[in-house]
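**Q** Structure below; questions to follow.
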Amino acid sequence: MTGAMATVGPSIGGVRLNNPLILAPMAGVTDQAFRVLCKEQGAALLVTEMISDRAFLYENAHTSTIVAFTPAERPIAAQLAGVEPETMAAAAAKLEREVAPDIIDINMGCPAPKIVKNHEGCSLMRDVPLAAAIVRAIASAVSVPVTVKTRKGWSEDQVNAVELAQAVVEAGAAGITVHGRVRGQYYSGVADWNIIRKVREALPSSVPVIGNGDVRDPESALRLMSETGCDAVMIGRAAMGNPWIFSRCLAAWRGEPVPPEATLAERVAMAGRHLDLLIALKGERTAVLEMRRHAPWYIHGFRGAAHVRALLVLATSPAELKATLSDFLHRS
Ligand SMILES: Cc1cc2nc3c(=O)[nH]c(=O)nc-3n(C[C@H](O)[C@H](O)[C@H](O)COP(=O)(O)O)c2cc1C
């Protein structure tokens with residue numbers, strides 16, 4: 001699909017997206033600071049980092065920070081992880097009441113051992129009736145659209161994304177994201193986009209299917225849409241240190257000239273803004289710790305970046321982080 005064929009993104013249960021480009025939820029990455037930067041570059045929908053239903057219900061202070069967002073971030077989906085329909089529904093109702101996200105997304109794709117050992121995340125793919133029961137319980141507890149984010153299957157022997165998608169839509173899901181990897185692949189290997197096409201073909205056209213996995217640039221974003229017929233694409237790792245992925249993909253989708261990749265000067269400036277936003281949100285100490293992870297992504301691929309990375313991860317103050325980046329810029 002190109003801009004010649006569509007001028008707006010899909011509608012997810014009545015939430016209209018301006019374009020088909022969605023920032024993937026990434027725990028430890030897609031906090032408010034980073035989401036704001038991606039939104040500025042054109043991301044049509046943001047998703048919070050995943051939150052545990054129980055942690056949210058029990059008022060864990062960290063969890064409340066995870067779901068906080070500003071009006072400028074709308075439309076935004078809050079992502080819940082959990083396994084019991086009752087606590088998931090209670091957490092969803094509390095989310096709607098206290099935070100009012102536009103969409104509530106359910107995590108049925110996380111492969112992390114600490115999640116799947118509780119039968120949450122991707123493990124729910126192994127119990128389709130339970131997955132459907134969770135969606136049914138949440139959908140009847142809230143008035144906002146409920147979506148599901150899932151994978152190809154639990155393993156190559158248990159590829160059941162189509163079955164799961166049909167069951168959760170039947171239970172009330174207004175949209176589904178499919179990451180084309182099985183649980184055991186985590187994030188390695190190549191995403192299988194065929195499964196996204198199969199899910200798209202199996203569901204009514206009124207239910208948007210969001211393709212996910214290995215979108216790296218405008219070319220792959222458009223190809224994922226044209227090869228699978230999916231209604232939108234979700235971009236994860238390629239956005240790390242690279243919010244411009246959204247403006248570049250957006251131009252391509254609109255059929256406009258794609259802007260060049262950001263220069264090193266633009267990257268250093270963006271990293272500085274990212275740090276300032278983090279400081280405003282979380283205070284200097286946490287901001288510096290978190291920026292030690294983000295900053296190397298901004299300069300990844302430039303000559304000498306590996307050496308600077310070692311300095312960045314040792315930085316102890318905002319000034320030191322900024323000076324290290326600006327030295328790198330002026331020496332390059
Ligand atoms: C560091 C990291 C954290 C992630 N956290 C979440 C999460 O909280 N919820 C979720 O549904 N997926 C999570 N994912 C998966 C991504 O949303 C996405 O499905 C995956 O990275 C594949 O997309 P990509 O190839 O564009 O990166 C995470 C991925 C990464 C790399």
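Labeling convention for the structure tokens: chains A, B, ... as they appear, residues from 1 per chain, ligands from 1 in order of appearance.
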Determine, for each residue of chain A having at least one atom at most 7 Å from an atom of ligand 1, the closest pair of atoms and their separation in Å to one decimal, counting only C-alpha atoms and all ligand atoms; order by chain and ascending number, as CSV.

**A**
residue,atom,partner,partner_atom_place_in_ligand_line,distance
A:Ala24,CA,ligand 1,17 (O),4.3
A:Pro25,CA,ligand 1,17 (O),4.5
A:Met26,CA,ligand 1,5 (N),3.2
A:Ala27,CA,ligand 1,5 (N),3.9
A:Gly28,CA,ligand 1,1 (C),6.3
A:Val29,CA,ligand 1,1 (C),6.4
A:Glu49,CA,ligand 1,8 (O),4.6
A:Met50,CA,ligand 1,8 (O),4.0
A:Asn107,CA,ligand 1,11 (O),5.1
A:Gly109,CA,ligand 1,11 (O),5.8
A:Cys110,CA,ligand 1,10 (C),5.7
A:Lys149,CA,ligand 1,11 (O),5.8
A:His179,CA,ligand 1,19 (O),5.4
A:Tyr187,CA,ligand 1,21 (O),6.3
A:Asn212,CA,ligand 1,23 (O),5.3
A:Gly213,CA,ligand 1,25 (O),3.6
A:Asp214,CA,ligand 1,25 (O),3.7
A:Val215,CA,ligand 1,26 (O),5.2
A:Met234,CA,ligand 1,26 (O),6.4
A:Ile235,CA,ligand 1,26 (O),4.1
A:Gly236,CA,ligand 1,26 (O),3.5
A:Arg237,CA,ligand 1,27 (O),3.7
A:Ala238,CA,ligand 1,26 (O),6.0

**Q** Please provide as a short mmCIF file (atom, residue, chain, number, x, y, z; two decimals) with N, CA and C atoms, in the first residue's frame all residues within 12 Å of Asp192 in chain A, with the sequence filter that same-chain residues fewer than 4 positions apart are discarded (counting only C-alpha atoms).

**A**
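Final output, out36.cif:
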data_model
loop_
_atom_site.label_atom_id
_atom_site.label_comp_id
_atom_site.auth_asym_id
_atom_site.auth_seq_id
_atom_site.Cartn_x
_atom_site.Cartn_y
_atom_site.Cartn_z
N ARG A 151 2.44 -13.40 18.79
CA ARG A 151 3.52 -13.88 17.91
C ARG A 151 2.97 -14.88 16.91
N LYS A 152 3.90 -15.46 16.13
CA LYS A 152 3.56 -16.50 15.16
C LYS A 152 3.01 -17.74 15.88
N GLY A 153 3.61 -18.08 17.01
CA GLY A 153 3.20 -19.27 17.77
C GLY A 153 4.16 -19.48 18.92
N GLU A 156 7.80 -23.68 16.45
CA GLU A 156 7.53 -24.02 15.04
C GLU A 156 6.55 -25.18 14.94
N VAL A 159 2.39 -23.45 15.64
CA VAL A 159 2.13 -22.16 15.00
C VAL A 159 0.61 -21.97 14.96
N ALA A 161 -1.09 -18.63 15.31
CA ALA A 161 -1.49 -17.21 15.35
C ALA A 161 -2.87 -17.01 14.73
N VAL A 178 0.67 -8.92 15.04
CA VAL A 178 1.35 -10.22 14.94
C VAL A 178 2.83 -9.99 14.69
N HIS A 179 3.66 -10.46 15.62
CA HIS A 179 5.12 -10.45 15.45
C HIS A 179 5.48 -11.82 14.85
N GLY A 180 6.13 -11.81 13.70
CA GLY A 180 6.34 -13.05 12.95
C GLY A 180 7.48 -13.93 13.45
N ARG A 181 7.59 -14.08 14.74
CA ARG A 181 8.58 -15.02 15.30
C ARG A 181 7.90 -15.90 16.34
N VAL A 182 8.44 -17.12 16.54
CA VAL A 182 7.94 -17.96 17.62
C VAL A 182 8.68 -17.60 18.90
N GLN A 185 12.47 -18.00 19.39
CA GLN A 185 13.37 -17.12 18.63
C GLN A 185 13.64 -15.81 19.37
N TYR A 187 14.14 -12.50 19.69
CA TYR A 187 14.20 -11.45 18.66
C TYR A 187 15.22 -11.81 17.58
N SER A 188 15.63 -13.09 17.53
CA SER A 188 16.68 -13.46 16.58
C SER A 188 16.07 -14.08 15.32
N ILE A 196 1.69 -13.22 9.08
CA ILE A 196 0.92 -11.96 9.18
C ILE A 196 -0.13 -11.94 8.05
N ARG A 197 0.31 -12.38 6.86
CA ARG A 197 -0.62 -12.44 5.72
C ARG A 197 -1.76 -13.40 6.02
N LYS A 198 -1.41 -14.56 6.61
CA LYS A 198 -2.45 -15.55 6.91
C LYS A 198 -3.47 -15.01 7.91
N GLY A 211 1.21 -5.57 11.34
CA GLY A 211 2.36 -6.45 11.11
C GLY A 211 3.56 -5.96 11.90
N ASN A 212 4.33 -6.90 12.41
CA ASN A 212 5.50 -6.53 13.23
C ASN A 212 6.62 -7.54 13.04
N GLY A 213 7.83 -6.96 13.02
CA GLY A 213 9.04 -7.79 12.95
C GLY A 213 9.91 -7.41 11.78
N ASP A 214 11.08 -6.83 12.12
CA ASP A 214 12.11 -6.55 11.12
C ASP A 214 11.83 -5.38 10.19
N VAL A 215 10.94 -4.47 10.57
CA VAL A 215 10.85 -3.23 9.78
C VAL A 215 12.05 -2.39 10.18
N LEU A 224 6.32 -4.79 3.96
CA LEU A 224 5.53 -5.57 4.91
C LEU A 224 4.03 -5.36 4.63
N GLU A 227 3.23 -7.02 1.06
CA GLU A 227 3.33 -8.49 0.99
C GLU A 227 2.27 -9.19 1.84
N THR A 228 1.80 -8.53 2.88
CA THR A 228 0.88 -9.22 3.80
C THR A 228 -0.54 -8.64 3.77
#

**Q** Distance table requested - range 200-305 of chain A against range 170-173 of chain A, cut-off 12 Å, only C-alpha atoms: one row per qualifying residue with the closest atom pair and its distance in Å to one decimal, ordered by chain and rising residue number, as a tab-separated table.

**A**
residue	atom	partner	partner_atom	distance
A:Leu203	CA	A:Glu170	CA	9.9
A:Pro204	CA	A:Glu170	CA	10.5
A:Ser206	CA	A:Ala173	CA	11.3
A:Val207	CA	A:Ala173	CA	8.3
A:Pro208	CA	A:Ala173	CA	10.0
A:Val209	CA	A:Ala173	CA	11.0

**Q** Can you list every residue of range 51-102 of chain A that has an atom at most 10 Å from range 33-39 of chain A, with its nearest atom pair and the distance in Å to one decimal, using only C-alpha atoms, ordered by chain then number, as a Markdown table?

**A**
| residue | atom | partner | partner_atom | distance |
| --- | --- | --- | --- | --- |
| A:Phe69 | CA | A:Arg35 | CA | 9.1 |
| A:Thr70 | CA | A:Val36 | CA | 8.9 |
| A:Ala72 | CA | A:Val36 | CA | 7.9 |
| A:Glu73 | CA | A:Val36 | CA | 6.5 |
| A:Arg74 | CA | A:Lys39 | CA | 9.1 |
| A:Pro75 | CA | A:Lys39 | CA | 10.0 |
| A:Ile76 | CA | A:Arg35 | CA | 9.7 |

**Q** Write down as number ranges by chain the residues of range 111-214 of chain A whose backbone DSSP state falls under alpha helix (DSSP H).

**A** A: 113-116, 128-141, 161-170, 194-202

**Q** Would you mind telling me which residue in A:Pro20, A:Gly283, A:Pro113, A:Pro85 lies nearest to Ala132 in chain A when using only C-alpha atoms?

**A** A:Pro85

**Q** Tell me which protein, DNA and RNA residues are within 8 Å of Ala92 in chain A, counting only C-alpha atoms, leaving out same-chain ones fewer than 2 positions away, and put them as a compact mmCIF listing (two decimals) with N, CA and C atoms, in the first residue's frame.

**A**
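Output contents, as saved in selection27.txt:
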# COMPACT_ATOMS: atom_id res chain seq x y z
N ASP A 53 -0.69 -6.61 35.44
CA ASP A 53 -2.01 -6.30 36.00
C ASP A 53 -1.94 -6.22 37.52
N LEU A 80 -1.18 -4.29 28.94
CA LEU A 80 -1.30 -5.07 30.17
C LEU A 80 -0.76 -6.48 29.95
N MET A 88 -7.03 -9.24 35.25
CA MET A 88 -6.79 -8.45 34.04
C MET A 88 -7.95 -7.46 33.83
N ALA A 89 -9.16 -7.94 34.01
CA ALA A 89 -10.32 -7.05 33.82
C ALA A 89 -10.32 -5.94 34.88
N ALA A 90 -9.96 -6.30 36.11
CA ALA A 90 -9.94 -5.27 37.16
C ALA A 90 -8.86 -4.23 36.87
N LYS A 94 -9.37 -0.23 36.05
CA LYS A 94 -8.65 0.79 36.81
C LYS A 94 -7.84 1.69 35.87
N LEU A 95 -7.25 1.07 34.87
CA LEU A 95 -6.51 1.85 33.87
C LEU A 95 -7.43 2.86 33.19
N GLU A 96 -8.57 2.37 32.77
CA GLU A 96 -9.50 3.25 32.06
C GLU A 96 -9.94 4.41 32.97
N ILE A 104 -6.63 -0.42 25.08
CA ILE A 104 -5.92 -1.31 26.02
C ILE A 104 -5.44 -2.51 25.22
N ILE A 138 -11.91 -8.42 29.72
CA ILE A 138 -11.47 -7.01 29.63
C ILE A 138 -12.46 -6.21 28.78
N ALA A 141 -15.27 -5.12 30.63
CA ALA A 141 -15.00 -4.25 31.78
C ALA A 141 -14.67 -2.82 31.38
N VAL A 142 -14.34 -2.59 30.11
CA VAL A 142 -13.94 -1.23 29.68
C VAL A 142 -14.73 -0.82 28.44

**Q** Using only C-alpha atoms, which residues sit within 10 Å of Ala252 in chain A once same-chain residues fewer than 6 positions away are excluded, as a PyMOL selection string?

**A** chain A and resi 2-3+217-219+221-222+246+258-259

**Q** Among range 189-284 of chain A, which residues carry a DSSP assignment of strand (DSSP E), reported as a ChimeraX atom specification?

**A** /A:209-212,232-235

**Q** Can those selected residues be exported to a file as a PDB file, in the first residue's frame so that it contains all heavy atoms?

**A**
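The resulting file, again_8.pdb, is reproduced below:
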ATOM      1  N   VAL A 209      -5.178  -5.568  11.185  1.00  0.00           N
ATOM      2  CA  VAL A 209      -4.050  -6.441  11.535  1.00  0.00           C
ATOM      3  C   VAL A 209      -2.781  -5.596  11.410  1.00  0.00           C
ATOM      4  O   VAL A 209      -2.553  -4.948  10.387  1.00  0.00           O
ATOM      5  CB  VAL A 209      -3.980  -7.674  10.618  1.00  0.00           C
ATOM      6  CG1 VAL A 209      -2.698  -8.464  10.859  1.00  0.00           C
ATOM      7  CG2 VAL A 209      -5.209  -8.564  10.840  1.00  0.00           C
ATOM      8  N   ILE A 210      -1.984  -5.593  12.464  1.00  0.00           N
ATOM      9  CA  ILE A 210      -0.750  -4.805  12.497  1.00  0.00           C
ATOM     10  C   ILE A 210       0.422  -5.777  12.358  1.00  0.00           C
ATOM     11  O   ILE A 210       0.551  -6.701  13.166  1.00  0.00           O
ATOM     12  CB  ILE A 210      -0.671  -4.013  13.817  1.00  0.00           C
ATOM     13  CG1 ILE A 210      -1.876  -3.050  13.915  1.00  0.00           C
ATOM     14  CG2 ILE A 210       0.646  -3.246  13.920  1.00  0.00           C
ATOM     15  CD1 ILE A 210      -2.243  -2.663  15.324  1.00  0.00           C
ATOM     16  N   GLY A 211       1.212  -5.566  11.340  1.00  0.00           N
ATOM     17  CA  GLY A 211       2.360  -6.445  11.108  1.00  0.00           C
ATOM     18  C   GLY A 211       3.557  -5.958  11.898  1.00  0.00           C
ATOM     19  O   GLY A 211       3.780  -4.751  12.035  1.00  0.00           O
ATOM     20  N   ASN A 212       4.331  -6.905  12.410  1.00  0.00           N
ATOM     21  CA  ASN A 212       5.497  -6.526  13.235  1.00  0.00           C
ATOM     22  C   ASN A 212       6.619  -7.537  13.040  1.00  0.00           C
ATOM     23  O   ASN A 212       6.390  -8.734  12.946  1.00  0.00           O
ATOM     24  CB  ASN A 212       5.065  -6.468  14.710  1.00  0.00           C
ATOM     25  CG  ASN A 212       6.218  -6.274  15.672  1.00  0.00           C
ATOM     26  OD1 ASN A 212       6.408  -7.065  16.583  1.00  0.00           O
ATOM     27  ND2 ASN A 212       7.016  -5.239  15.482  1.00  0.00           N
ATOM     28  N   ALA A 232      -1.355  -1.838   9.179  1.00  0.00           N
ATOM     29  CA  ALA A 232      -0.401  -0.923   9.815  1.00  0.00           C
ATOM     30  C   ALA A 232       0.849  -1.733  10.164  1.00  0.00           C
ATOM     31  O   ALA A 232       0.808  -2.965  10.192  1.00  0.00           O
ATOM     32  CB  ALA A 232      -0.999  -0.307  11.076  1.00  0.00           C
ATOM     33  N   VAL A 233       1.936  -1.015  10.402  1.00  0.00           N
ATOM     34  CA  VAL A 233       3.163  -1.703  10.818  1.00  0.00           C
ATOM     35  C   VAL A 233       3.608  -1.153  12.164  1.00  0.00           C
ATOM     36  O   VAL A 233       3.429   0.034  12.466  1.00  0.00           O
ATOM     37  CB  VAL A 233       4.314  -1.563   9.782  1.00  0.00           C
ATOM     38  CG1 VAL A 233       3.932  -2.169   8.451  1.00  0.00           C
ATOM     39  CG2 VAL A 233       4.737  -0.128   9.599  1.00  0.00           C
ATOM     40  N   MET A 234       4.172  -2.051  12.956  1.00  0.00           N
ATOM     41  CA  MET A 234       4.675  -1.660  14.265  1.00  0.00           C
ATOM     42  C   MET A 234       6.198  -1.759  14.211  1.00  0.00           C
ATOM     43  O   MET A 234       6.742  -2.763  13.751  1.00  0.00           O
ATOM     44  CB  MET A 234       4.092  -2.610  15.305  1.00  0.00           C
ATOM     45  CG  MET A 234       4.412  -2.240  16.712  1.00  0.00           C
ATOM     46  SD  MET A 234       3.568  -3.357  17.860  1.00  0.00           S
ATOM     47  CE  MET A 234       2.155  -2.394  18.325  1.00  0.00           C
ATOM     48  N   ILE A 235       6.858  -0.698  14.669  1.00  0.00           N
ATOM     49  CA  ILE A 235       8.320  -0.629  14.553  1.00  0.00           C
ATOM     50  C   ILE A 235       8.933  -0.617  15.945  1.00  0.00           C
ATOM     51  O   ILE A 235       8.579   0.229  16.777  1.00  0.00           O
ATOM     52  CB  ILE A 235       8.734   0.637  13.772  1.00  0.00           C
ATOM     53  CG1 ILE A 235       8.063   0.638  12.384  1.00  0.00           C
ATOM     54  CG2 ILE A 235      10.261   0.707  13.643  1.00  0.00           C
ATOM     55  CD1 ILE A 235       8.313   1.901  11.567  1.00  0.00           C
TER      56      ILE A 235
END

**Q** One decimal, in Å: what's the spacing between CA of Gly255 in chain A and CA of Leu21 in chain A?

**A**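 Interatomic distance, CA of Gly255 in chain A to CA of Leu21 in chain A: 14.5 Å.
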
**Q** At what distance in Å, to one decimal, does CA of Thr30 in chain A lie from CA of Leu46 in chain A?

**A** 8.7 Å

**Q** My list of candidates is A:His119, A:Arg248, A:Arg223, A:Lys322. Which is closest to Ala271 in chain A when distances are computed with only C-alpha atoms?

**A**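 Residue with the minimum atom-to-atom distance to Ala271 in chain A: A:Lys322.
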
**Q** Nearest residue to Leu130 in chain A out of A:Glu86, A:Phe56, A:Leu250, A:Asn18, using only C-alpha atoms?

**A**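 Smallest distance to Leu130 in chain A is found for A:Glu86.
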